[in-house]
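Quick look at input-v4.txt (compact mmCIF, C-alpha atoms):
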```txt
# COMPACT_ATOMS: atom_id res chain seq x y z
CA MET Z 1 0.00 0.00 0.00
CA GLN Z 2 1.28 3.47 -0.89
CA GLN Z 3 2.08 5.74 2.03
CA PRO Z 4 0.45 9.18 2.24
CA ILE Z 5 2.75 11.88 0.94
CA ASP Z 6 3.02 13.71 4.25
CA LEU Z 7 4.37 10.58 5.99
CA LYS Z 8 7.31 10.20 3.60
CA PRO Z 9 10.67 11.33 5.00
CA VAL Z 10 11.58 14.81 3.73
CA THR Z 11 14.82 14.67 1.83
CA PHE Z 12 15.82 18.35 1.62
CA PRO Z 13 14.14 20.27 4.46
CA LYS Z 14 16.60 23.15 4.30
CA THR Z 15 15.78 23.86 0.66
CA LYS Z 16 12.14 24.34 1.52
CA ASP Z 17 13.00 26.49 4.52
CA ILE Z 18 15.25 28.73 2.44
CA ALA Z 19 12.56 29.05 -0.23
CA THR Z 20 9.93 29.96 2.39
CA ILE Z 21 12.15 32.64 3.91
CA CYS Z 22 12.97 34.04 0.45
CA VAL Z 23 9.30 34.18 -0.57
CA TYR Z 24 8.22 35.90 2.64
CA ALA Z 25 11.22 38.26 2.65
CA LEU Z 26 10.61 39.30 -0.97
CA GLY Z 27 6.93 39.74 -0.24
CA LEU Z 28 7.60 41.94 2.78
CA LEU Z 29 10.27 43.92 0.92
CA SER Z 30 7.93 44.49 -2.05
CA ALA Z 31 5.14 45.66 0.25
CA GLY Z 32 7.58 47.92 2.08
CA LEU Z 33 8.81 49.44 -1.17
CA PHE Z 34 5.26 50.10 -2.31
CA LEU Z 35 4.37 51.76 1.00
CA PHE Z 36 7.45 53.96 0.52
CA LEU Z 37 5.72 55.68 -2.43
CA PRO Z 38 4.36 58.80 -0.62
CA VAL Z 39 7.51 59.28 1.48
CA VAL Z 40 9.20 61.01 -1.49
CA ASN Z 41 7.06 64.04 -0.53
CA ILE Z 42 9.58 64.69 2.25
CA LEU Z 43 11.91 65.96 -0.47
CA SER Z 44 9.34 68.37 -1.93
CA PRO Z 45 10.36 72.07 -2.01
CA SER Z 46 6.85 72.95 -0.76
CA PRO Z 47 6.54 72.92 3.06
CA TRP Z 48 2.82 72.01 2.67
CA GLN Z 49 3.68 68.99 0.61
CA ARG Z 50 6.32 67.97 3.15
CA SER Z 51 3.75 67.94 5.97
CA MET Z 52 0.22 67.50 4.56
CA GLY Z 53 1.43 65.64 1.47
CA VAL Z 54 3.37 63.05 3.47
CA ILE Z 55 0.69 62.48 6.12
CA HIS Z 56 -2.25 62.29 3.72
CA GLY Z 57 -0.21 60.27 1.22
CA VAL Z 58 0.80 57.66 3.81
CA ALA Z 59 -2.74 57.47 5.24
CA ALA Z 60 -4.28 57.14 1.77
CA LEU Z 61 -1.85 54.47 0.63
CA LEU Z 62 -2.30 52.47 3.84
CA ALA Z 63 -6.08 52.75 3.52
CA THR Z 64 -5.95 51.60 -0.12
CA VAL Z 65 -3.76 48.59 0.70
CA VAL Z 66 -5.84 47.45 3.69
CA ILE Z 67 -9.15 48.04 1.88
CA ALA Z 68 -7.88 46.14 -1.17
CA TYR Z 69 -6.88 43.26 1.14
CA ALA Z 70 -10.34 43.34 2.72
CA GLY Z 71 -12.02 43.52 -0.69
CA HIS Z 72 -10.16 40.45 -1.90
CA LEU Z 73 -11.48 38.47 1.06
CA ALA Z 74 -14.94 38.80 -0.51
CA PHE Z 75 -13.98 36.06 -3.01
CA PRO Z 76 -13.41 33.23 -0.46
CA LEU Z 77 -16.32 34.62 1.56
CA LEU Z 78 -18.64 34.23 -1.42
CA ARG Z 79 -17.42 30.66 -1.87
CA GLY Z 80 -18.48 29.98 1.72
CA SER Z 81 -15.08 29.65 3.38
CA HIS Z 82 -15.72 29.55 7.15
CA ARG Z 83 -12.00 29.63 7.94
CA ILE Z 84 -11.50 33.30 7.06
CA LEU Z 85 -14.55 34.70 8.88
CA SER Z 86 -12.71 36.03 11.94
CA GLN Z 87 -10.01 37.52 9.73
CA VAL Z 88 -12.58 39.25 7.50
CA ARG Z 89 -14.24 40.82 10.53
CA THR Z 90 -11.01 42.34 11.88
CA VAL Z 91 -9.62 43.40 8.50
CA ILE Z 92 -12.79 45.21 7.43
CA PHE Z 93 -12.92 46.88 10.86
CA TRP Z 94 -9.36 48.20 10.52
CA ALA Z 95 -9.94 49.10 6.88
CA SER Z 96 -12.84 51.34 7.97
CA PHE Z 97 -10.76 52.91 10.72
CA ILE Z 98 -7.85 53.69 8.37
CA ALA Z 99 -10.31 55.00 5.77
CA PHE Z 100 -11.48 57.51 8.38
CA LEU Z 101 -7.87 58.59 9.02
CA ALA Z 102 -7.30 59.03 5.28
CA ILE Z 103 -10.47 61.16 5.00
CA ALA Z 104 -9.55 63.29 8.03
CA SER Z 105 -6.03 63.94 6.74
CA GLY Z 106 -7.55 64.62 3.31
CA ASN Z 107 -9.73 67.36 4.81
CA TRP Z 108 -6.58 68.98 6.16
CA ALA Z 109 -4.77 68.77 2.81
CA TYR Z 110 -7.88 70.03 0.99
CA MET Z 111 -7.61 73.31 2.94
CA ARG Z 112 -4.27 74.13 1.34
CA TYR Z 113 -5.48 72.82 -2.05
CA ARG Z 114 -8.21 75.52 -1.97
CA ALA Z 115 -6.01 78.30 -0.54
CA PRO Z 116 -6.42 81.57 -2.49
CA LEU Z 117 -2.68 82.31 -2.26
CA GLY Z 118 -0.59 79.63 -3.96
CA GLY Z 119 -3.19 76.85 -3.66
CA ALA Z 120 -3.18 74.10 -6.27
CA ARG Z 121 -6.87 74.56 -7.13
CA ARG Z 122 -6.49 78.05 -8.56
CA TRP Z 123 -3.47 77.07 -10.68
CA ILE Z 124 -5.17 73.93 -11.99
CA LEU Z 125 -8.40 75.78 -12.87
CA GLU Z 126 -6.40 78.40 -14.79
CA ASN Z 127 -4.09 76.00 -16.60
CA THR Z 128 -5.70 72.57 -16.95
CA PRO Z 129 -9.26 72.66 -15.53
CA LEU Z 130 -10.13 69.08 -16.53
CA VAL Z 131 -7.81 67.86 -13.77
CA HIS Z 132 -10.03 69.58 -11.24
CA TYR Z 133 -13.40 68.77 -12.82
CA LEU Z 134 -12.62 65.17 -13.74
CA PHE Z 135 -10.24 64.04 -11.03
CA MET Z 136 -10.49 66.28 -7.96
CA GLU Z 137 -14.29 66.47 -7.95
CA TYR Z 138 -14.40 62.69 -8.25
CA HIS Z 139 -11.63 62.21 -5.69
CA LYS Z 140 -13.10 64.29 -2.88
CA PHE Z 141 -16.49 62.53 -2.93
CA ILE Z 142 -15.62 58.98 -3.87
CA VAL Z 143 -13.26 58.56 -0.91
CA LEU Z 144 -16.09 59.49 1.47
CA PHE Z 145 -18.07 56.47 0.26
CA THR Z 146 -15.52 54.05 1.72
CA LEU Z 147 -16.37 54.92 5.34
CA PRO Z 148 -20.11 54.10 5.54
CA LEU Z 149 -19.70 51.07 3.28
CA GLY Z 150 -16.82 49.76 5.43
CA VAL Z 151 -18.60 50.36 8.73
CA ALA Z 152 -21.83 48.79 7.42
CA SER Z 153 -20.11 45.62 6.19
CA ALA Z 154 -18.03 45.39 9.40
CA TRP Z 155 -21.19 45.69 11.48
CA VAL Z 156 -23.08 43.06 9.45
CA LEU Z 157 -20.16 40.60 9.56
CA TRP Z 158 -19.86 41.07 13.32
CA GLN Z 159 -23.60 41.03 14.08
CA TYR Z 160 -24.39 37.89 12.06
CA GLY Z 161 -21.29 36.04 13.36
CA ASP Z 162 -20.51 32.60 11.95
CA GLN Z 163 -24.19 32.12 11.16
CA ILE Z 164 -23.80 34.41 8.15
CA MET Z 165 -22.63 31.27 6.30
CA GLU Z 166 -25.94 29.52 6.87
CA ARG Z 167 -28.29 29.05 3.95
CA GLN Z 168 -30.95 31.43 5.34
CA HIS Z 169 -28.41 34.29 5.33
CA ARG Z 170 -27.11 33.71 1.80
CA VAL Z 171 -28.59 37.02 0.62
CA VAL Z 172 -26.99 38.93 3.51
CA LEU Z 173 -23.60 37.35 2.78
CA SER Z 174 -23.80 38.15 -0.95
CA ALA Z 175 -24.90 41.75 -0.38
CA THR Z 176 -22.08 42.26 2.14
CA CYS Z 177 -19.57 40.94 -0.40
CA ILE Z 178 -20.91 43.42 -2.99
CA VAL Z 179 -20.47 46.27 -0.51
CA MET Z 180 -16.94 45.16 0.38
CA MET Z 181 -15.97 45.10 -3.29
CA ALA Z 182 -17.63 48.49 -3.84
CA MET Z 183 -15.55 49.85 -0.98
CA MET Z 184 -12.42 48.55 -2.69
CA PHE Z 185 -13.51 50.02 -6.02
CA PHE Z 186 -14.03 53.46 -4.47
CA ALA Z 187 -10.76 53.30 -2.54
CA MET Z 188 -8.85 52.43 -5.72
CA GLY Z 189 -10.56 55.21 -7.68
CA GLY Z 190 -9.93 57.68 -4.88
CA PHE Z 191 -6.26 56.78 -4.63
CA VAL Z 192 -5.58 56.93 -8.36
CA SER Z 193 -7.46 60.23 -8.84
CA GLY Z 194 -5.74 61.79 -5.81
CA LEU Z 195 -2.35 60.69 -7.07
CA ASN Z 196 -3.13 62.18 -10.48
CA VAL Z 197 -4.05 65.56 -8.99
CA ALA Z 198 -0.92 65.58 -6.80
CA ARG Z 199 1.18 64.77 -9.85
CA ILE Z 200 -0.06 67.86 -11.70
CA HIS Z 201 0.40 70.34 -8.83
CA SER Z 202 1.70 69.84 -5.30
CA LEU Z 203 0.18 71.52 -2.24
CA MET Q 204 7.70 23.74 15.22
CA SER Q 205 7.54 27.39 16.26
CA GLN Q 206 6.42 29.92 13.67
CA PRO Q 207 8.69 32.70 12.39
CA LEU Q 208 8.11 36.19 13.85
CA TYR Q 209 6.41 37.63 10.74
CA LEU Q 210 3.84 34.84 10.75
CA LYS Q 211 3.19 35.29 14.47
CA VAL Q 212 2.67 39.04 14.01
CA GLY Q 213 0.50 38.50 10.92
CA ASN Q 214 -1.70 35.89 12.60
CA TRP Q 215 -2.06 38.04 15.72
CA LEU Q 216 -3.11 41.04 13.63
CA LYS Q 217 -5.77 38.98 11.87
CA GLN Q 218 -7.39 38.23 15.25
CA PHE Q 219 -7.10 41.69 16.82
CA PRO Q 220 -9.29 42.86 18.47
CA GLN Q 221 -10.58 39.51 19.67
CA SER Q 222 -14.08 40.83 20.46
CA ILE Q 223 -14.55 41.70 16.78
CA ALA Q 224 -12.86 38.55 15.47
CA THR Q 225 -15.29 36.29 17.33
CA GLY Q 226 -18.43 38.14 16.21
CA ALA Q 227 -21.63 38.74 18.17
CA SER Q 228 -22.98 35.98 20.40
CA GLU Q 229 -26.50 36.08 18.95
CA ALA Q 230 -27.18 36.63 15.28
CA PRO Q 231 -30.46 37.99 13.86
CA THR Q 232 -32.64 35.39 12.19
CA VAL Q 233 -33.87 37.82 9.50
CA SER Q 234 -32.12 39.89 6.84
CA GLY Q 235 -33.71 43.23 7.84
CA PRO Q 236 -30.91 44.50 10.14
CA ALA Q 237 -28.26 43.76 7.51
CA ALA Q 238 -30.35 45.37 4.76
CA ALA Q 239 -30.78 48.48 6.92
CA ALA Q 240 -27.03 48.79 7.52
CA LEU Q 241 -25.98 48.20 3.91
CA LEU Q 242 -28.71 50.21 2.20
CA SER Q 243 -28.35 53.21 4.51
CA ALA Q 244 -24.61 53.35 3.71
CA ALA Q 245 -25.28 53.24 -0.03
CA PHE Q 246 -28.13 55.74 0.32
CA SER Q 247 -25.85 58.26 2.06
CA CYS Q 248 -23.43 58.06 -0.91
CA PHE Q 249 -26.34 58.74 -3.28
CA LEU Q 250 -27.72 61.61 -1.20
CA CYS Q 251 -24.25 63.16 -0.91
CA MET Q 252 -24.06 63.44 -4.70
CA VAL Q 253 -27.63 64.70 -5.09
CA ASN Q 254 -26.79 67.39 -2.56
CA GLN Q 255 -23.60 68.22 -4.46
CA HIS Q 256 -25.65 69.02 -7.59
CA LEU Q 257 -28.07 71.12 -5.56
CA THR Q 258 -25.20 73.16 -4.12
CA VAL Q 259 -23.83 73.75 -7.62
CA LEU Q 260 -27.23 74.88 -8.89
CA PHE Q 261 -28.36 76.96 -5.88
CA LYS Q 262 -25.79 79.24 -4.21
CA GLY Q 263 -28.18 79.95 -1.32
CA TRP Q 264 -28.40 76.26 -0.50
CA ASN Q 265 -24.60 76.03 -0.75
CA ALA Q 266 -24.28 78.71 1.97
CA ILE Q 267 -26.68 76.81 4.24
CA VAL Q 268 -24.79 73.56 3.66
CA TRP Q 269 -21.51 75.28 4.47
CA SER Q 270 -22.92 76.53 7.79
CA LEU Q 271 -23.88 72.94 8.67
CA GLY Q 272 -20.22 71.98 8.38
CA ASP Q 273 -18.89 74.68 10.68
CA TRP Q 274 -18.24 72.11 13.43
CA ILE Q 275 -15.45 70.53 11.37
CA PRO Q 276 -12.05 72.15 12.14
CA GLY Q 277 -10.83 74.27 9.23
CA SER Q 278 -14.28 74.61 7.66
CA ARG Q 279 -14.08 78.43 7.62
CA THR Q 280 -10.89 80.46 8.09
CA SER Q 281 -9.62 83.83 6.92
CA ASP Q 282 -6.12 82.51 6.25
CA GLN Q 283 -5.34 83.13 2.57
CA VAL Q 284 -2.31 80.81 2.61
CA TYR Q 285 -3.58 77.95 4.77
CA GLY Q 286 -6.98 77.95 3.10
CA GLU Q 287 -10.27 76.46 4.32
CA ILE Q 288 -12.35 73.36 3.61
CA GLY Q 289 -15.35 75.38 2.47
CA SER Q 290 -18.81 73.96 1.82
CA TYR Q 291 -17.30 70.48 1.40
CA SER Q 292 -17.42 70.27 5.22
CA GLY Q 293 -21.20 70.72 5.10
CA LYS Q 294 -21.52 68.12 2.35
CA GLU Q 295 -19.64 65.66 4.56
CA THR Q 296 -21.95 66.54 7.45
CA ILE Q 297 -25.08 65.94 5.38
CA MET Q 298 -23.71 62.60 4.25
CA LEU Q 299 -22.85 61.60 7.83
CA VAL Q 300 -26.22 62.62 9.24
CA SER Q 301 -28.20 61.02 6.40
CA TRP Q 302 -26.24 57.79 6.81
CA LEU Q 303 -26.74 57.45 10.57
CA LEU Q 304 -30.33 58.70 10.54
CA SER Q 305 -31.43 56.42 7.71
CA TRP Q 306 -29.68 53.49 9.41
CA VAL Q 307 -31.60 54.09 12.66
CA ILE Q 308 -34.93 54.51 10.85
CA LEU Q 309 -34.49 51.50 8.56
CA TYR Q 310 -33.29 49.35 11.48
CA GLN Q 311 -36.42 50.17 13.45
CA LEU Q 312 -38.60 49.38 10.45
CA TRP Q 313 -36.85 46.19 9.35
CA LYS Q 314 -35.38 44.60 12.49
CA THR Q 315 -37.92 41.75 12.49
CA ARG Q 316 -38.46 41.51 8.74
CA ASN Q 317 -36.89 39.65 5.86
CA ILE Q 318 -36.01 41.90 2.94
CA ARG Q 319 -36.35 40.46 -0.56
CA ALA Q 320 -33.04 39.79 -2.31
CA SER Q 321 -34.12 41.74 -5.39
CA SER Q 322 -34.94 44.80 -3.27
CA LEU Q 323 -31.60 44.65 -1.46
CA TYR Q 324 -29.49 44.07 -4.58
CA GLY Q 325 -31.53 46.56 -6.62
CA GLY Q 326 -31.23 49.27 -3.98
CA LEU Q 327 -27.52 48.74 -3.52
CA ILE Q 328 -26.73 48.74 -7.23
CA PHE Q 329 -28.94 51.74 -7.97
CA PHE Q 330 -27.55 53.91 -5.15
CA LEU Q 331 -23.91 53.02 -5.79
CA VAL Q 332 -24.02 53.36 -9.58
CA ALA Q 333 -26.00 56.62 -9.43
CA ALA Q 334 -23.64 58.04 -6.79
CA THR Q 335 -20.62 57.18 -8.93
CA VAL Q 336 -22.04 58.67 -12.12
CA MET Q 337 -23.10 61.87 -10.33
CA ASN Q 338 -19.49 62.61 -9.44
CA TRP Q 339 -19.27 64.48 -12.69
CA HIS Q 340 -21.56 67.43 -13.18
CA PRO Q 341 -23.20 67.30 -16.65
CA ILE Q 342 -22.25 70.87 -17.46
CA PHE Q 343 -18.82 71.92 -16.36
CA PRO Q 344 -18.96 75.52 -15.19
CA TYR Q 345 -15.77 76.46 -17.01
CA LEU Q 346 -14.73 76.42 -20.67
CA PRO Q 347 -12.37 75.81 -22.41
CA LEU Q 348 -11.34 72.73 -20.47
CA MET Q 349 -8.18 71.60 -22.22
CA PRO Q 350 -4.69 72.46 -20.88
CA HIS Q 351 -3.56 75.99 -21.77
```

For this file, produce the structure as structure tokens.
Amino acid sequence: MQQPIDLKPVTFPKTKDIATICVYALGLLSAGLFLFLPVVNILSPSPWQRSMGVIHGVAALLATVVIAYAGHLAFPLLRGSHRILSQVRTVIFWASFIAFLAIASGNWAYMRYRAPLGGARRWILENTPLVHYLFMEYHKFIVLFTLPLGVASAWVLWQYGDQIMERQHRVVLSATCIVMMAMMFFAMGGFVSGLNVARIHSL
Amino acid sequence: MSQPLYLKVGNWLKQFPQSIATGASEAPTVSGPAAAALLSAAFSCFLCMVNQHLTVLFKGWNAIVWSLGDWIPGSRTSDQVYGEIGSYSGKETIMLVSWLLSWVILYQLWKTRNIRASSLYGGLIFFLVAATVMNWHPIFPYLPLMPH
């Protein structure tokens, strides 16, 4: 009779260990590099960009990453994976909290964006108004959507507990997954549009 | 075999805070509470954009909306360099109030009821799509729009 694979003696354990460490290390390094994106604002000649730009940039990038992680958990959730339920509940909770921080820091940065003296808004409207009408108008509202959608899905996932996987709650589970993905969609749109505006004119 | 540090930290984060990770002890038996939470969130997005168009069309309403947002720090300042949030603070306030108020009302109405799937999906899709489309005003108030 053939033995199960996991009972066979492992011939090269170190090779697997080295590969695991390499995969995790590269993953962490890649994530770290990506999160480094808004830190370049420290080198901006504008003092507003060095303060507001860095803080809002870091908050927005963190929010986008955590919300995207939460959004992707909607796929196994839809397939009925019980195993990830506790993780989904905490991740969507933290995603909502970080979304709030990104919005609050965005309010602060928006003040300087609208400033009559040297603000980005005036320059953009005079030189390339589509950036304001297409991207900034979209940006400032779409990011607000992430907060109620995140809080609502976090509340539903917490309130219905593990029973959300039961057949009678199939509609609730599906609707929550839609809202989680919508939150990710709005976070992505908000991040890209905000980055585009910042690229045209700093604070 | 003990786990490496990054896995320990990652697994701990996924379960923190524990009270949220475990979920509530008693779950509702109907879909009403969930429908109230999800639809009120989507409705607030929709109402936020309807209000945005009203503020563009009616300057008087814009002034009222701005006054509603005075509680947010930075809503109104006289600093020409630092700037101010402007009526956007009032638009955020209206969205916040409409979200929480509609949640409370819908929860009271639906807490013992089952909501039809088509109503829930239809409401969610309508509110979210309409809110997204309304981000762009049909008539831009400034022409020409291309870079100078």

Considering only C-alpha atoms, return as a tab-separated table (two decimals) with C-alpha atoms, keeping the file's coordinate frame whatever protein or nucleic-acid residues lie within 10 Å of range 75-87 of chain Z, sequence-local ones (same chain, fewer than 4 positions apart) excluded.
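For reference, part_7.tsv as written:
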```tsv
chain	number	residue	atom	x	y	z
Z	70	ALA	CA	-10.34	43.34	2.72
Z	71	GLY	CA	-12.02	43.52	-0.69
Z	91	VAL	CA	-9.62	43.40	8.50
Z	92	ILE	CA	-12.79	45.21	7.43
Z	93	PHE	CA	-12.92	46.88	10.86
Z	157	LEU	CA	-20.16	40.60	9.56
Z	158	TRP	CA	-19.86	41.07	13.32
Z	161	GLY	CA	-21.29	36.04	13.36
Z	162	ASP	CA	-20.51	32.60	11.95
Z	163	GLN	CA	-24.19	32.12	11.16
Z	164	ILE	CA	-23.80	34.41	8.15
Z	165	MET	CA	-22.63	31.27	6.30
Z	166	GLU	CA	-25.94	29.52	6.87
Z	170	ARG	CA	-27.11	33.71	1.80
Z	173	LEU	CA	-23.60	37.35	2.78
Z	174	SER	CA	-23.80	38.15	-0.95
Z	175	ALA	CA	-24.90	41.75	-0.38
Z	176	THR	CA	-22.08	42.26	2.14
Z	177	CYS	CA	-19.57	40.94	-0.40
Z	178	ILE	CA	-20.91	43.42	-2.99
Z	181	MET	CA	-15.97	45.10	-3.29
Q	214	ASN	CA	-1.70	35.89	12.60
Q	215	TRP	CA	-2.06	38.04	15.72
Q	216	LEU	CA	-3.11	41.04	13.63
Q	217	LYS	CA	-5.77	38.98	11.87
Q	218	GLN	CA	-7.39	38.23	15.25
Q	219	PHE	CA	-7.10	41.69	16.82
Q	221	GLN	CA	-10.58	39.51	19.67
Q	222	SER	CA	-14.08	40.83	20.46
Q	223	ILE	CA	-14.55	41.70	16.78
Q	224	ALA	CA	-12.86	38.55	15.47
Q	225	THR	CA	-15.29	36.29	17.33
Q	226	GLY	CA	-18.43	38.14	16.21
```

Check your understanding: Within 7 Å of chain Q, which residues of chain Z show up when using only C-alpha atoms, listed as JSON, numbers by chain?
Key -> {"Z": [86, 87, 89, 90, 91, 107, 110, 111, 112, 114, 115, 116, 117, 118, 127, 128, 129, 130, 134, 137, 138, 145, 148, 149, 152, 153, 156, 158, 159, 160, 161, 163, 169, 171, 172, 175]}

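Our summary of the geometry notes that CA of Ala63 in chain Z is positioned 13.0 Å from CA of Phe34 in chain Z.
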
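Taking CA of Ser270 in chain Q and CA of Thr296 in chain Q as endpoints, the distance between them is 10.0 Å.
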
Fill in: Straight-line distance linking CA of Gly32 in chain Z with CA of Val65 in chain Z, stated in Å to one decimal
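Separation between CA of Gly32 in chain Z and CA of Val65 in chain Z: 11.4 Å.
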
query: Leaving out Gly57 in chain Z and any residue of its chain fewer than 4 positions from it, which residues lie within 10 Å of it when counting all atoms listed in the file, given as number ranges by chain?
result: Z: 35-41, 49, 51-53, 61-63, 102, 105-106, 109, 191, 194-195, 198
